Each structure stands twice: as structure tokens, then as C-alpha cells.
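A quick write-up on the structure given underneath.
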Amino acid sequence: MGAVTRVQCRCGSVVMEAEEAPIMSAECLCNSCRTAADRMEALPGAPRLREVSGGTRMEVYRKDRVRCIKGAEHLRAFRLNDKTRTRRAVAICCNTPVLLDVTVGHWVDLYGVLWPEGALPPLQLRTMAGTLDDPSSLPEDVPNLKTYSAAFFFRLMASWAAMGFRRPKIDYIKGEIDLSR
């Protein structure tokens, strides 16, 4: 086992553990992530999830390298609609967004708000900038990709190959939270 990162919700009731470095450190600007962030941020006491750019900061990990080591009973699933293949998990103890699970994929995104200030790995890229009305306002500190790039998919595919093309399930999220408007 390599380096282990432990992060937690705001109140410390939910603790997540991730092995090794993330596949990538990204900020997503897609409509779904921005809509979901708006709904999760509206919960009482919830932390600010969206960055100044409007994107949502995430650390992308292989599913087989992430686990909940404390407080799974506080995690509730949130889906934007009944048909989406992604679910987000919110720690209902303090309304902290914890992760985004691409249920048909082999990766999971841990939200950047879980890291203590100054401890988040450096941002590597922004994706889906093409969904913004005016992407020219984005900072130019990292690549601002209009969509998901070939390099983005290559990283995901390389990590999947290293996993033997398995798709582990995240089974520690029980119950749901309704954030419909």
C-alpha cells in the first residue's frame, strides 16, 4: 500500500481514505455538476462547493483505492434525476458533499471541500468549459478544456487497465436525500 490520504466532512463524522495519488485533479464546469453544486450548497450549513470559476473541484480516484473508514451511516445518495448514472453522496451530519460516483465507471470523485485548506493537490485541468456562456473569463492557470479531452480519457483508461478492467461498486452509501427543487 502506498501513500494514504485521509479527508473528512466538516464535522469529522465521515472520514474517507484514498490510496496513492489521484488519477487527476480537476475542476468540472458541466451543467450537471454546477446544478448539483447549487442544490447541495443550499443545504443548511453546507460548505461552498463551487470555485470562483463556477466549477466544482474534484480529486479523481480509482474506486478500488477509496473507502469510507468512518461514518458511512451518515452518507446519503443524491441524483439529479431518475435516469442519471451518477450519484453524489452527502454527509447529512453536516451537509458536506463527499463524493461523486459514476456508477457505471471505475472511478470516483472526492470533492475538494474535504481537504483542509492548503492540502488539496494542485489543480491540473478544468473540463467542460464549453458549457459556460463565457469561458473566456476563466483563469489561464491550467488548461480549460472545452469538453473531455483525449488525454482526460487516456488517464481514465490507463487507470482502468491497471485495475484489470474491473468496476468495483461503492456499497457503503445507504439511503437517499431529496434535493429536488
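How things are named: the first chain in the C-alpha cells is A, the next is B, and so on; residues count from 1 in each chain; ligands count from 1 in the order shown.
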
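Counting only C-alpha atoms, range 123-129 of chain A has the following residues at most 6 Å away, ignoring those fewer than 5 positions along the same chain: A:Ser25, A:Ala26, A:Glu27, A:Cys28, A:Leu29, A:Cys30, A:Pro135, A:Val142, A:Pro143, A:Asn144, A:Leu145, A:Lys146, A:Thr147, A:Tyr148.
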
Which residues are near range 39-42 of chain A? Cut-off 9 Å, only C-alpha atoms, ignore same chain within fewer than 3 positions. Put them as a VMD selection string.
chain A and resid 34 to 36 45 to 50 90 95 to 97 179 to 181

Between CA of Ile69 in chain A and CA of Trp115 in chain A, what distance in Å does the model show, to one decimal?
15.8 Å

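With only C-alpha atoms taken into account, the protein and nucleic acid residues at most 8 Å from Ala72 in chain A (excluding it and anything under 4 positions from it in its own chain) are Val14, Cys68, Tyr172, Ile173 and Lys174 of chain A.
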
Near range 159-171 of chain A, within 9 Å and counting only C-alpha atoms, which residues show up once chain neighbours fewer than 6 positions away are dropped, as JSON, numbers by chain?
{"A": [23, 61, 62, 63, 64, 67, 101, 103, 104, 105, 106, 107, 108]}

As a ChimeraX atom specification, please: all residues of range 5-180 of chain A that backbone DSSP puts in strand (DSSP E).
/A:5-8,15-19,24-28,56-62,66-70,75-78,86-91,96-102,107-111,125-127

Atom pair CA of Glu19 in chain A / CA of Pro122 in chain A: separation (Å):
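Between CA of Glu19 in chain A and CA of Pro122 in chain A the gap is 17.1 Å.
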
Which of range 17-130 of chain A counts as helix (DSSP H, G or I) under DSSP, as a list in words please?
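Those residues are Asn31, Ser32, Cys33, Arg34, Thr35, Ala36, Ala37, Asp38, Arg39, Met40, Glu41, Lys63, Asp64, Arg65, Ala72, Glu73, His74, Gly112, Val113, Leu114, Ala129 and Gly130 of chain A.
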
Enter the distance from CA of Ala89 in chain A to CA of Pro139 in chain A, in Å, rounded to one decimal.
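Rounded to one decimal, the two atoms are 28.8 Å apart.
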
Write out as JSON, numbers by chain which residues come within 6 Å of Leu114 in chain A when counting only C-alpha atoms, dropping same-chain ones fewer than 2 positions away.
{"A": [7, 8, 9, 112]}
